[in-house]
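A.B. asks: Please find one structure pasted underneath; my questions will follow.
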Protein chains: 2
Amino acid sequence: MRTAVDWRDGCLEVVDQTALPERLSVLRLASVAEVVDALRRLVVRGAPAIGVCAAFGVVVGLDERGGRDVAEARAGLGRVAAELEAARPTAVNLRWAVRRVAAAAGAGTDPAAMRRLALEEATRILEEDRAACRRIGEHGRAELASRHRVLTHCNTGRLATAGLGTALGVVYAKAAARHPVQVWATETRPLLQGSRLTAWELVDAGIPVTLLPDAATGAAMAQGLVDSVLVGCDRVARNGDTANKIGTYNLAVLARASGIPFYVAGPLSSFDPDAEDGSAIVVEERAGAEVRFLGGARLAPDGAEVWNPAFDVTPADLVTAFVTDAGVLRPPFADSIAGALRGRP
Amino acid sequence: MRTAVDWRDGCLEVVDQTALPERLSVLRLASVAEVVDALRRLVVRGAPAIGVCAAFGVVVGLDERGGRDVAEARAGLGRVAAELEAARPTAVNLRWAVRRVAAAAGAGTDPAAMRRLALEEATRILEEDRAACRRIGEHGRAELASRHRVLTHCNTGRLATAGLGTALGVVYAKAAARHPVQVWATETRPLLQGSRLTAWELVDAGIPVTLLPDAATGAAMAQGLVDSVLVGCDRVARNGDTANKIGTYNLAVLARASGIPFYVAGPLSSFDPDAEDGSAIVVEERAGAEVRFLGGARLAPDGAEVWNPAFDVTPADLVTAFVTDAGVLRPPFADSIAGALRGRP
């Protein structure tokens with residue numbers, strides 16, 4: 001199945017997510033300028049996918065700009081890395097991936113070796129992402145073996161990663177094992193990642209999906225239409241407090257009110273050992289225009305203020321368990337998270 | 001201030017809500033066909049506003065079609081009433097208002113008397129609606145005297161009624177008394193009544209309003225940005241279980257989780273003595289297209305199912321109090337509601 005980012009026949013290929021759900025359009029990015037543009041315009045989004053795309057962006061840059069000798073190639077590498085990092089300055093994965101590939105390439109002693117080392121490192125980042133998705137999927141499949149009607153939020157699938165995703169990775173693993181699974185996908189206002197991306201990728205994969213407004217999630221739980229909630233995470237603190245797409249906290253509170261388990265899926269790399277609890281996590285506020293307009297259509301008057309936080313923080317005590325690439329972490333989370341982080345390579 | 005429906009200079013005037021928030025456009029409806037069209041196209045929406053519009057629609061019909069004698073006028077009246085009632089067959093207020101005006105007109109012994117009686121009765125319905133809004137506003141202003149940051153849902157204001165509204169009626173009453181008030185308005189997907197209508201009418205009235213996605217309501221409460229939730233109601237059962245716009249239940253659960261009072265405002269006419277509890281209330285499911293499309297833009301793929309319930313039911317134990325035209329009703333609601341209904345004229 002197509003994922004957000006891939007390296008095929010020596011080319012960086014990305015799914016143009018701005019064209020979804022209307023059509024599946026795959027773009028080949030053949031210059032640094034094209035990679036930067038794709039990241040800026042959200043052609044590629046989702047933290048892991050952004051990282052993988054930028055990693056191969058370094059390879060694209062070396063191919064494009066070359067260098068007659070190692071000094072020229074290294075100077076070019078520095079410029080390429082800086083341009084890529086500036087594409088979305090707050091995306092932690094982007095900077096991390098670019099620096100990792102640039103460091104690997106920098107060890108090369110001639111332009112050809114630098115290009116080879118860059119490609120190897122970018123491929124390693126992609127494979128690590130895919131492997132993490134696979135392991136999350138397997139752990140989640142076992143954990144949710146008796147849960148078939150899964151409510152999810154935002155997009156955490158193969159359009160957010162280079163693999164099959166985190167929360168949706170569990171869904172794909174259930175489907176691959178021929179276990180029954182039915183996904184309830186929230187629209188995820190304001191950017192509608194649920195409608196545009198999650199619904200599209202599940203329909204494309206032949207997995208049954210029902211879309212519902214964010215405001216209808218409580219009714220779906222209260223009426224017993226879903227038996228579990230499974231979301232991704234942007235950042236998890238040491239105590240298990242979880243920052244994720246705005247609306248995640250609502251789902252956690254509503255799940256608790258209906259006695260439904262609330263699972264968070266994500267790689268250990270999303271757990272932040274520097275954040276003691278949720279109060280250490282700063283939440284980005286996004287532009288009011290995302291709420292005031294949709295496409296060209298005006299939805300609200302200019303005179304109204306807009307509050308448009310990108311994330312919310314779900315207190316750890318509302319989380320049933322974390323489904324990670326290192327296994328399922330259970331309460332007390334301070335202990336299980338610390339144990340998992342100690343075991344990290 | 002302009003309200004959804006008015007009778008001015010012998011004409012039925014309505015605010016074209018389909019043009020909001022782009023522009024305020026007032027239409028004069030001069031024929032039964034125009035009234036039916038306005039109701040069908042949701043130029044006028046909101047149960048009380050629909051009722052008042054249809055009530056004056058009978059007068060418009062008598063003006064348009066007249067009749068040389070009482071027999072002709074009565075036959076015409078029957079056809080007008082039938083056409084108006086068919087405009088939105090499930091709107092209870094519409095049928096109730098049309099029948100009330102038609103019955104009053106039917107007592108007339110000549111066409112002129114019939115027209116006069118119809119106008120008197122329609123005016124009475126409008127005045128009753130305005131008076132109910134005023135009383136709700138006054139009771140709510142006293143009850144929420146110490147609450148200044150009010151989260152509301154959908155549109156319950158002067159675009160939903162012929163007066164200043166139910167939940168928003170309380171906000172207008174606070175503003176008129178020069179009490180501080182700041183409204184947090186949910187978008188209210190899928191039809192965006194919060195963005196399009198509530199934000200517009202509060203901006204127009206000079207009352208500060210902040211719009212937020214439905215999914216951001218939990219974060220707003222958890223962060224202490226709001227100190228109360230105040231919503232309208234479509235139908236309240238004898239025990240206080242409340243059917244209202246989808247998403248109301250979410251707000252009630254989230255308010256409880258943050259220790260914030262949750263108020264329901266509405267006229268006693270919204271309390272249904274035939275519904276023992278919420279299980280007696282059948283919830284309408286609306287077309288998936290409301291979620292799949294916005295304007296002409298496709299938001300989701302065809303292959304995805306859509307679940308789009310119009311309402312949810314909030315259990316009475318999540319309601320702090322009902323703010324009605326007959327006063328504030330407090331728990332135990334079975335008693336306070338029964339008492340208020342007994343006192344109803």
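For the structure tokens, the naming scheme is as follows: chains receive sequential letters (A, B, ...) according to their order of presentation, residues are indexed from 1 within each chain, and ligands are indexed from 1 in presentation order.
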Near chain B, which residues of chain A fall within 8 Å when you count only C-alpha atoms, and what do they look like as a PyMOL selection string?
C.D. replies: chain A and resi 21-22+188-190+192+195-196+199-200+203+208-219+246-250+253-254+257+291-292+295+297-301+303-309+312-313
A.B. asks: Might you pull out every residue within 12 Å of Leu329 (chain B), with only C-alpha atoms counted and same-chain residues fewer than 3 positions away left off, and present them as JSON, numbers by chain?
C.D. replies: {"B": [136, 139, 140, 143, 239, 240, 263, 264, 265, 266, 267, 268, 271, 316, 319, 320, 321, 322, 323, 324, 325, 326, 332, 333, 334, 335, 336, 337, 338, 339, 340, 341]}
A.B. asks: Write out as a PyMOL selection string each polymer residue whose atoms come within 10 Å of Leu164 (chain A), counting only C-alpha atoms; drop sequence neighbours fewer than 5 positions from it.
C.D. replies: chain A and resi 1-4+129-134+136-137+156-159+169-173
A.B. asks: Val26 (chain A): which residues within 6 Å, counting only C-alpha atoms, same-chain residues fewer than 3 positions away excluded, as a PyMOL selection string?
C.D. replies: chain A and resi 14-16
A.B. asks: Generate the output file for the selected residues, all heavy atoms, as a JSON list (two decimals), in the first residue's frame.
C.D. replies:
```
[["chain", "number", "residue", "atom", "x", "y", "z"],
["A", 14, "VAL", "N", 6.17, 11.23, -2.90],
["A", 14, "VAL", "CA", 5.26, 11.54, -1.79],
["A", 14, "VAL", "C", 3.83, 11.58, -2.32],
["A", 14, "VAL", "O", 3.59, 11.92, -3.48],
["A", 14, "VAL", "CB", 5.60, 12.90, -1.12],
["A", 14, "VAL", "CG1", 7.02, 12.90, -0.57],
["A", 14, "VAL", "CG2", 5.39, 14.06, -2.09],
["A", 15, "VAL", "N", 2.90, 11.19, -1.43],
["A", 15, "VAL", "CA", 1.48, 11.34, -1.75],
["A", 15, "VAL", "C", 1.11, 12.80, -1.51],
["A", 15, "VAL", "O", 1.40, 13.35, -0.44],
["A", 15, "VAL", "CB", 0.61, 10.44, -0.85],
["A", 15, "VAL", "CG1", -0.87, 10.73, -1.04],
["A", 15, "VAL", "CG2", 0.91, 8.97, -1.13],
["A", 16, "ASP", "N", 0.50, 13.44, -2.50],
["A", 16, "ASP", "CA", 0.07, 14.83, -2.34],
["A", 16, "ASP", "C", -1.21, 14.87, -1.51],
["A", 16, "ASP", "O", -2.31, 14.67, -2.02],
["A", 16, "ASP", "CB", -0.18, 15.48, -3.71],
["A", 16, "ASP", "CG", -0.60, 16.94, -3.56],
["A", 16, "ASP", "OD1", -0.74, 17.42, -2.41],
["A", 16, "ASP", "OD2", -0.78, 17.60, -4.59]]
```
A.B. asks: When you draw a straight line from CA of Arg147 (chain A) to CA of Met221 (chain A), how long is it in Å?
C.D. replies: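 Calculated distance between CA of Arg147 (chain A) and CA of Met221 (chain A) is 13.5 Å.
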A.B. asks: Skip Val236 (chain A) itself and residues of its chain fewer than 4 positions away, then list as a PyMOL selection string all residues within 8 Å of it, counting only C-alpha atoms.
C.D. replies: chain A and resi 240-243+270-272+275+278
A.B. asks: Quick one: residues within 6 Å of region 112-128 of chain A, only C-alpha atoms, excluding same-chain residues fewer than 6 positions away - as a CSV table (one decimal) with N, CA, C and O atoms, in the first residue's frame?
C.D. replies:
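Final file, around.csv:
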```csv
chain,number,residue,atom,x,y,z
A,52,VAL,N,11.0,11.5,7.5
A,52,VAL,CA,11.5,10.7,6.4
A,52,VAL,C,11.6,11.5,5.1
A,52,VAL,O,12.6,11.3,4.4
A,55,ALA,N,14.7,13.6,5.3
A,55,ALA,CA,15.9,12.8,5.3
A,55,ALA,C,16.3,12.5,3.8
A,55,ALA,O,17.4,12.7,3.4
A,56,PHE,N,15.3,12.1,3.0
A,56,PHE,CA,15.6,11.9,1.6
A,56,PHE,C,15.8,13.2,0.9
A,56,PHE,O,16.5,13.2,-0.2
A,59,VAL,N,19.4,13.7,0.3
A,59,VAL,CA,19.9,12.9,-0.8
A,59,VAL,C,19.5,13.6,-2.1
A,59,VAL,O,20.4,13.8,-3.0
A,101,VAL,N,21.0,12.6,8.8
A,101,VAL,CA,21.5,12.3,7.5
A,101,VAL,C,22.7,13.1,7.1
A,101,VAL,O,23.7,12.6,6.5
A,104,ALA,N,25.8,11.7,8.8
A,104,ALA,CA,26.2,10.5,8.2
A,104,ALA,C,27.0,10.8,6.9
A,104,ALA,O,28.1,10.3,6.6
A,105,ALA,N,26.4,11.7,6.1
A,105,ALA,CA,27.0,12.1,4.8
A,105,ALA,C,28.3,12.8,5.0
A,105,ALA,O,29.3,12.6,4.2
```
A.B. asks: Residues of region 29-218 of chain B in strand (DSSP E or B) according to DSSP, as a count of residues only?
C.D. replies: 14
A.B. asks: For CA of Gln182 (chain B) and CA of Leu151 (chain B), determine how far apart the two atoms are, in Å to one decimal place.
C.D. replies: 8.6 Å
A.B. asks: Nearest residue to Glu85 (chain B) out of B:Gly165, B:Gly10, B:Gly51, B:Pro273, using only C-alpha atoms?
C.D. replies: B:Gly51
A.B. asks: Given the choices B:Pro331, B:Asp110, B:Val80, B:Pro89, which gets closest to Arg68 (chain B) if the distance is worked out from only C-alpha atoms?
C.D. replies: B:Asp110
A.B. asks: Please measure the separation of CA of Ala162 (chain B) and CA of Arg344 (chain B), giving the value in Å to one decimal.
C.D. replies: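 Those two atoms sit 21.1 Å apart.
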A.B. asks: Once DSSP has gone over the backbone, tell me which residues of region 64-280 of chain A are in helix (DSSP H, G or I), as a PyMOL selection string.
C.D. replies: chain A and resi 64-65+70-85+92-106+111-143+167-176+193-205+214-222+248-258+268-270+278-280
